[in-house]
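A.B. asks: I'd like to ask some things about the structure below.
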Amino acid sequence: MASTKILVPDMGDFKDVEIIEVLVKEGQQIKKNDSLITLESDKSSVEVPSTHEGVIEKINVKVGDKVNKGDLILSLNAESATEQKKEAVSKQKKVEKTEIKKVNPRKPKEIIPVVPTSQTGSKSASPKVRKFARELGANVVEIPGSQRGGRVSEEDVKNFVRSQVTVSGGKVEKKVHKEEYQHEEFGEIELKDIPRVKRLSGPHLVRSWTEIPHVTQHDEVDITEMERFRSSLYDYYTGEKIKVSPLAFITKALVSALKRFPNFNASIDTVKEKIIYKKYFHVGFAVDTPHGLMVPKIRDVDQMSIKEIGVALRKTSRLCRDLKIDKKEFFGGSMTISSLGGIGGTFFTPIINPPEVAILGVGKSFDRLVKIKDKFVSRKILPISLSYDHRIIDGAEGARFCVYLSECLGKDFAFKLAV
């Protein structure tokens, strides 16, 4: 039997390129120039075509493998291809015959052509469209193509995802129930692409919510003394007022709480069934940008003063909005703060940013009348929401963490945090 080997072609300077799709299967008949696999590098994705025709005997690669020039992709049986080709030609002749449908005898007979269907089960789509479909979690093979020859376009992918799929367990699956009416039937609509940042963060959030047993505790912190102290800061040399956001104080207080409760500055290694305790204090914070929500880290916060933390927060936020921040700065955190204080709202349920095990949600502070020594006085109250991984942190420890954080932001610790 004639066996032909299909190898990875010369890819220039690219080495160890990852296979992201295998487009064929064993026993399938392919033609010359049919796409076999899709490779993706840091710069682009490309499909590798077949240099011969035949029936696939064995596929030697799989998704996730990294290949180089000359690596074996698969082997073909050319003789079987010839035999199947003869059979295919014979079947094609039968298929091309038309069926004569009898109608009213007084009318001429209607000729209905039988349209041949594809036998391969593969779909024609450019690497760009295939990548777009993967980012949305869709399988391009299942998407009906509207272009010539059934080729799938980006618009086909959007329509498929919008009307036929849903997210379940972090994977895209077909809906059991399909909407009876489309949105456009009730009025004007507009379709827009999902922003890249949200496309990338979506699966991460789904994995966090489905794999981590979240517990969220809500509490209220009296920050009256802290706010008075913050508003009284000024430069001794120039006499100018020093502007420091409440988030800088909260970040400093959070580091103090992480030192007291090390379980919050940890990660879980599910493979080795170990707890990783971190000796560093890199605090992440959610930044609202025009491109979507980003969560960069401020490194070694325990070695910074309140003023230095404020400067670092402003600098990092600007880098995120300008899309100039390094990708590595989104990883390696101790714990994250998600603050809505500048927008509004009180309590919410922040989602943990794995591999971290906790996240602190901060609402907008408000004034409340409190009775102290038979007198009603106005106090500044900060609502907080603490979400944590219940596999490593229990409710009692979560409550103690909130109490200690309240003390750090209260009158007993407000001045100590400033050093």
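How things are named: the first chain in the structure tokens is A, the next is B, and so on; residues count from 1 in each chain; ligands count from 1 in the order shown.
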Using only C-alpha atoms, determine which residues lie at most 6 Å from Arg379 in chain A, disregarding the query and same-chain residues fewer than 5 positions distant; provide the list as number ranges by chain.
C.D. replies: A: 224, 367-368
A.B. asks: Determine, counting only C-alpha atoms, which protein, DNA and RNA residues have an atom within 10 Å of an atom of Phe330 in chain A; residues of the same chain fewer than 5 positions away are not included. Present the result as a ChimeraX atom specification.
C.D. replies: /A:284-285,294-298,325
A.B. asks: Show which residues sit within 12 Å of Phe132 in chain A, as a PDB file with C-alpha atoms, in the first residue's frame. Count only C-alpha atoms, and ignore same-chain residues fewer than 2 positions away.
C.D. replies:
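Final output, out-v5.pdb:
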ATOM      1  CA  SER A  45      -2.661  31.945  13.006  1.00  0.00           C
ATOM      2  CA  ALA A 125     -13.222  29.570   7.147  1.00  0.00           C
ATOM      3  CA  SER A 126     -10.207  31.833   7.302  1.00  0.00           C
ATOM      4  CA  PRO A 127      -7.781  31.604  10.259  1.00  0.00           C
ATOM      5  CA  LYS A 128      -9.059  34.982  11.450  1.00  0.00           C
ATOM      6  CA  VAL A 129     -12.657  33.745  11.541  1.00  0.00           C
ATOM      7  CA  ARG A 130     -11.636  30.490  13.229  1.00  0.00           C
ATOM      8  CA  ARG A 134     -12.687  30.198  19.392  1.00  0.00           C
ATOM      9  CA  GLU A 135     -12.575  33.429  21.395  1.00  0.00           C
ATOM     10  CA  LEU A 136     -16.371  33.321  21.629  1.00  0.00           C
ATOM     11  CA  GLY A 137     -16.286  29.618  22.526  1.00  0.00           C
ATOM     12  CA  ALA A 138     -17.962  28.409  19.335  1.00  0.00           C
ATOM     13  CA  ASN A 139     -17.089  25.449  17.103  1.00  0.00           C
ATOM     14  CA  VAL A 140     -16.741  26.664  13.526  1.00  0.00           C
ATOM     15  CA  VAL A 152     -18.123  30.883   7.319  1.00  0.00           C
ATOM     16  CA  SER A 153     -17.789  34.649   7.890  1.00  0.00           C
ATOM     17  CA  GLU A 154     -17.462  36.695  11.103  1.00  0.00           C
ATOM     18  CA  GLU A 155     -21.116  37.696  10.775  1.00  0.00           C
ATOM     19  CA  ASP A 156     -22.089  34.012  10.670  1.00  0.00           C
ATOM     20  CA  VAL A 157     -20.172  33.446  13.916  1.00  0.00           C
ATOM     21  CA  LYS A 158     -21.900  36.415  15.601  1.00  0.00           C
ATOM     22  CA  VAL A 161     -23.372  32.760  19.139  1.00  0.00           C
ATOM     23  CA  ASP A 193     -18.341  43.245  18.830  1.00  0.00           C
ATOM     24  CA  ILE A 194     -17.594  42.249  22.409  1.00  0.00           C
ATOM     25  CA  ARG A 196     -11.349  42.338  23.556  1.00  0.00           C
ATOM     26  CA  ARG A 199     -13.788  38.603  25.705  1.00  0.00           C
ATOM     27  CA  LEU A 200     -10.595  37.561  27.465  1.00  0.00           C
TER      28      LEU A 200
END
A.B. asks: May I have all residues of range 268-380 of chain A that DSSP, computed from the backbone, assigns to strand (DSSP E or B), given as number ranges by chain?
C.D. replies: A: 268-269, 274-277, 283-285, 287-289, 292-294, 297-298, 335-339, 358-362, 366-372, 375-380
A.B. asks: Check the smallest atom-to-atom distance from each of A:Val301, A:Met226, A:Leu233, A:Val362 to Gly410 in chain A using only C-alpha atoms, then report the winner.
C.D. replies: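 With only C-alpha atoms as the atom set, the closest residue is A:Met226.
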A.B. asks: By how many Å are CA of Ala399 in chain A and CA of Ser334 in chain A apart?
C.D. replies: 19.1 Å
A.B. asks: Need to verify the contact set: range 14-27 of chain A, 10 Å, only C-alpha atoms, exclusion of same-chain residues closer than 3 positions in sequence. Can you return it as a PyMOL selection string?
C.D. replies: chain A and resi 10-11+30+34-43+45-48+54-59+61-69+73-77+80+120-123+130-131+134+141
A.B. asks: Next, write the just-selected residues to a file, as a tab-separated table (two decimals), in the first residue's frame, keeping N, CA and C atoms as the atom set.
C.D. replies:
chain	number	residue	atom	x	y	z
A	10	ASP	N	8.05	24.64	5.95
A	10	ASP	CA	8.94	25.69	6.45
A	10	ASP	C	8.11	26.90	6.88
A	11	MET	N	8.27	27.32	8.15
A	11	MET	CA	7.49	28.44	8.69
A	11	MET	C	8.37	29.65	8.98
A	30	ILE	N	-9.21	13.21	1.87
A	30	ILE	CA	-8.90	14.62	1.66
A	30	ILE	C	-8.29	14.83	0.28
A	34	ASP	N	-6.40	20.77	0.90
A	34	ASP	CA	-7.36	20.80	2.00
A	34	ASP	C	-6.62	21.13	3.30
A	35	SER	N	-7.23	21.94	4.15
A	35	SER	CA	-6.59	22.33	5.41
A	35	SER	C	-6.57	21.15	6.38
A	36	LEU	N	-5.43	20.95	7.02
A	36	LEU	CA	-5.26	19.83	7.95
A	36	LEU	C	-5.28	20.28	9.40
A	37	ILE	N	-4.46	21.27	9.74
A	37	ILE	CA	-4.35	21.78	11.10
A	37	ILE	C	-4.26	23.30	11.07
A	38	THR	N	-4.52	23.92	12.21
A	38	THR	CA	-4.35	25.36	12.35
A	38	THR	C	-3.28	25.63	13.40
A	39	LEU	N	-2.28	26.43	13.03
A	39	LEU	CA	-1.20	26.79	13.94
A	39	LEU	C	-1.37	28.23	14.37
A	40	GLU	N	-1.00	28.51	15.61
A	40	GLU	CA	-1.11	29.88	16.11
A	40	GLU	C	0.15	30.28	16.84
A	41	SER	N	0.76	31.38	16.39
A	41	SER	CA	1.94	31.94	17.05
A	41	SER	C	1.52	33.23	17.75
A	42	ASP	N	2.50	33.94	18.30
A	42	ASP	CA	2.21	35.21	18.96
A	42	ASP	C	1.72	36.26	17.97
A	43	LYS	N	2.06	36.08	16.69
A	43	LYS	CA	1.75	37.11	15.70
A	43	LYS	C	0.53	36.79	14.84
A	45	SER	N	-2.25	33.35	13.10
A	45	SER	CA	-2.66	31.94	13.01
A	45	SER	C	-2.72	31.57	11.53
A	46	VAL	N	-2.37	30.32	11.21
A	46	VAL	CA	-2.31	29.91	9.81
A	46	VAL	C	-2.72	28.45	9.70
A	47	GLU	N	-3.38	28.12	8.58
A	47	GLU	CA	-3.78	26.75	8.32
A	47	GLU	C	-2.73	26.06	7.45
A	48	VAL	N	-2.44	24.81	7.76
A	48	VAL	CA	-1.47	24.03	6.99
A	48	VAL	C	-2.23	23.13	6.03
A	54	GLY	N	-5.62	11.73	-0.55
A	54	GLY	CA	-5.64	10.35	-0.10
A	54	GLY	C	-6.57	10.18	1.09
A	55	VAL	N	-6.52	8.99	1.69
A	55	VAL	CA	-7.32	8.68	2.88
A	55	VAL	C	-6.37	8.67	4.09
A	56	ILE	N	-6.76	9.37	5.13
A	56	ILE	CA	-5.90	9.52	6.31
A	56	ILE	C	-5.80	8.19	7.06
A	57	GLU	N	-4.57	7.70	7.20
A	57	GLU	CA	-4.35	6.46	7.94
A	57	GLU	C	-4.18	6.74	9.44
A	58	LYS	N	-3.33	7.71	9.76
A	58	LYS	CA	-3.05	8.00	11.16
A	58	LYS	C	-2.68	9.47	11.32
A	59	ILE	N	-3.24	10.10	12.34
A	59	ILE	CA	-2.91	11.48	12.68
A	59	ILE	C	-1.91	11.46	13.84
A	61	VAL	N	-0.57	14.15	15.46
A	61	VAL	CA	-0.55	15.35	16.31
A	61	VAL	C	-1.92	15.54	16.95
A	62	LYS	N	-1.97	16.40	17.95
A	62	LYS	CA	-3.23	16.74	18.61
A	62	LYS	C	-3.21	18.20	19.02
A	63	VAL	N	-4.36	18.71	19.41
A	63	VAL	CA	-4.46	20.11	19.84
A	63	VAL	C	-3.58	20.33	21.07
A	64	GLY	N	-2.79	21.39	21.05
A	64	GLY	CA	-1.90	21.70	22.16
A	64	GLY	C	-0.46	21.34	21.91
A	65	ASP	N	-0.22	20.45	20.92
A	65	ASP	CA	1.15	20.09	20.58
A	65	ASP	C	1.87	21.28	19.95
A	66	LYS	N	3.18	21.34	20.16
A	66	LYS	CA	4.00	22.38	19.54
A	66	LYS	C	4.90	21.72	18.50
A	67	VAL	N	4.88	22.24	17.28
A	67	VAL	CA	5.58	21.60	16.18
A	67	VAL	C	6.57	22.55	15.53
A	68	ASN	N	7.49	21.95	14.77
A	68	ASN	CA	8.49	22.69	14.02
A	68	ASN	C	8.55	22.14	12.60
A	69	LYS	N	9.36	22.77	11.77
A	69	LYS	CA	9.51	22.33	10.39
A	69	LYS	C	9.98	20.87	10.34
A	73	ILE	N	2.82	15.30	10.52
A	73	ILE	CA	1.44	15.65	10.85
A	73	ILE	C	0.56	14.40	10.76
A	74	LEU	N	0.59	13.73	9.60
A	74	LEU	CA	-0.22	12.54	9.41
A	74	LEU	C	0.31	11.75	8.22
A	75	SER	N	-0.23	10.55	8.05
A	75	SER	CA	0.13	9.71	6.91
A	75	SER	C	-1.12	9.40	6.10
A	76	LEU	N	-0.95	9.36	4.75
A	76	LEU	CA	-2.06	9.13	3.84
A	76	LEU	C	-1.90	7.80	3.10
A	77	ASN	N	-3.03	7.19	2.76
A	77	ASN	CA	-3.05	6.00	1.91
A	77	ASN	C	-3.55	6.44	0.54
A	80	SER	N	-6.05	3.76	-1.43
A	80	SER	CA	-7.44	3.78	-0.97
A	80	SER	C	-8.16	4.99	-1.50
A	120	THR	N	-17.43	15.51	3.96
A	120	THR	CA	-16.27	15.60	4.85
A	120	THR	C	-16.62	16.08	6.24
A	121	GLY	N	-17.66	16.92	6.39
A	121	GLY	CA	-18.01	17.44	7.70
A	121	GLY	C	-17.14	18.61	8.14
A	122	SER	N	-16.21	19.07	7.29
A	122	SER	CA	-15.35	20.19	7.64
A	122	SER	C	-15.98	21.48	7.13
A	123	LYS	N	-15.52	22.60	7.67
A	123	LYS	CA	-16.04	23.90	7.29
A	123	LYS	C	-14.92	24.76	6.74
A	130	ARG	N	-11.75	31.61	12.29
A	130	ARG	CA	-11.64	30.49	13.23
A	130	ARG	C	-11.19	30.97	14.60
A	131	LYS	N	-10.24	31.89	14.64
A	131	LYS	CA	-9.78	32.44	15.91
A	131	LYS	C	-10.89	33.22	16.59
A	134	ARG	N	-13.25	30.80	18.17
A	134	ARG	CA	-12.69	30.20	19.39
A	134	ARG	C	-12.78	31.16	20.56
A	141	VAL	N	-17.19	24.31	12.99
A	141	VAL	CA	-17.78	23.22	12.21
A	141	VAL	C	-19.31	23.24	12.33
A.B. asks: Any chance you could list, as a PDB file with C-alpha atoms, in the first residue's frame, the residues in range 145-290 of chain A that come up alpha helix (DSSP H) when DSSP is run on the backbone?
C.D. replies:
ATOM      1  CA  GLU A 154     -17.462  36.695  11.103  1.00  0.00           C
ATOM      2  CA  GLU A 155     -21.116  37.696  10.775  1.00  0.00           C
ATOM      3  CA  ASP A 156     -22.089  34.012  10.670  1.00  0.00           C
ATOM      4  CA  VAL A 157     -20.172  33.446  13.916  1.00  0.00           C
ATOM      5  CA  LYS A 158     -21.900  36.415  15.601  1.00  0.00           C
ATOM      6  CA  ASN A 159     -25.347  35.224  14.552  1.00  0.00           C
ATOM      7  CA  PHE A 160     -24.608  31.680  15.702  1.00  0.00           C
ATOM      8  CA  VAL A 161     -23.372  32.760  19.139  1.00  0.00           C
ATOM      9  CA  ARG A 162     -26.203  35.259  19.586  1.00  0.00           C
ATOM     10  CA  SER A 163     -29.062  32.912  18.744  1.00  0.00           C
ATOM     11  CA  GLN A 164     -27.960  29.339  19.270  1.00  0.00           C
ATOM     12  CA  ARG A 196     -11.349  42.338  23.556  1.00  0.00           C
ATOM     13  CA  VAL A 197     -10.715  42.824  27.304  1.00  0.00           C
ATOM     14  CA  LYS A 198     -14.184  41.510  28.149  1.00  0.00           C
ATOM     15  CA  ARG A 199     -13.788  38.603  25.705  1.00  0.00           C
ATOM     16  CA  LEU A 200     -10.595  37.561  27.465  1.00  0.00           C
ATOM     17  CA  SER A 201     -11.886  38.039  31.016  1.00  0.00           C
ATOM     18  CA  GLY A 202     -15.249  36.330  30.435  1.00  0.00           C
ATOM     19  CA  PRO A 203     -14.086  32.677  30.580  1.00  0.00           C
ATOM     20  CA  HIS A 204     -11.865  33.569  33.568  1.00  0.00           C
ATOM     21  CA  LEU A 205     -14.874  34.904  35.492  1.00  0.00           C
ATOM     22  CA  VAL A 206     -17.025  31.899  34.566  1.00  0.00           C
ATOM     23  CA  ARG A 207     -14.318  29.537  35.810  1.00  0.00           C
ATOM     24  CA  SER A 208     -13.993  31.488  39.062  1.00  0.00           C
ATOM     25  CA  TRP A 209     -17.730  31.507  39.737  1.00  0.00           C
ATOM     26  CA  THR A 210     -18.284  27.832  38.873  1.00  0.00           C
ATOM     27  CA  GLU A 211     -15.148  26.332  40.489  1.00  0.00           C
ATOM     28  CA  THR A 224     -14.948  59.180  60.556  1.00  0.00           C
ATOM     29  CA  GLU A 225     -11.499  59.622  62.144  1.00  0.00           C
ATOM     30  CA  MET A 226      -9.762  58.360  59.031  1.00  0.00           C
ATOM     31  CA  GLU A 227     -11.577  60.903  56.861  1.00  0.00           C
ATOM     32  CA  ARG A 228     -10.721  63.726  59.258  1.00  0.00           C
ATOM     33  CA  PHE A 229      -7.094  62.714  59.234  1.00  0.00           C
ATOM     34  CA  ARG A 230      -7.078  62.369  55.432  1.00  0.00           C
ATOM     35  CA  SER A 231      -8.530  65.840  54.936  1.00  0.00           C
ATOM     36  CA  PRO A 246      -9.523  56.724  50.585  1.00  0.00           C
ATOM     37  CA  LEU A 247      -8.450  53.711  48.469  1.00  0.00           C
ATOM     38  CA  ALA A 248      -4.819  54.309  49.508  1.00  0.00           C
ATOM     39  CA  PHE A 249      -5.805  54.075  53.195  1.00  0.00           C
ATOM     40  CA  ILE A 250      -7.926  50.984  52.541  1.00  0.00           C
ATOM     41  CA  THR A 251      -5.008  49.345  50.691  1.00  0.00           C
ATOM     42  CA  LYS A 252      -2.654  50.012  53.598  1.00  0.00           C
ATOM     43  CA  ALA A 253      -5.188  48.646  56.078  1.00  0.00           C
ATOM     44  CA  LEU A 254      -5.702  45.557  53.894  1.00  0.00           C
ATOM     45  CA  VAL A 255      -1.968  44.752  54.030  1.00  0.00           C
ATOM     46  CA  SER A 256      -2.090  44.930  57.830  1.00  0.00           C
ATOM     47  CA  ALA A 257      -5.032  42.486  57.800  1.00  0.00           C
ATOM     48  CA  LEU A 258      -3.220  40.127  55.397  1.00  0.00           C
ATOM     49  CA  LYS A 259      -0.299  39.952  57.830  1.00  0.00           C
ATOM     50  CA  ARG A 260      -2.661  39.088  60.683  1.00  0.00           C
TER      51      ARG A 260
END
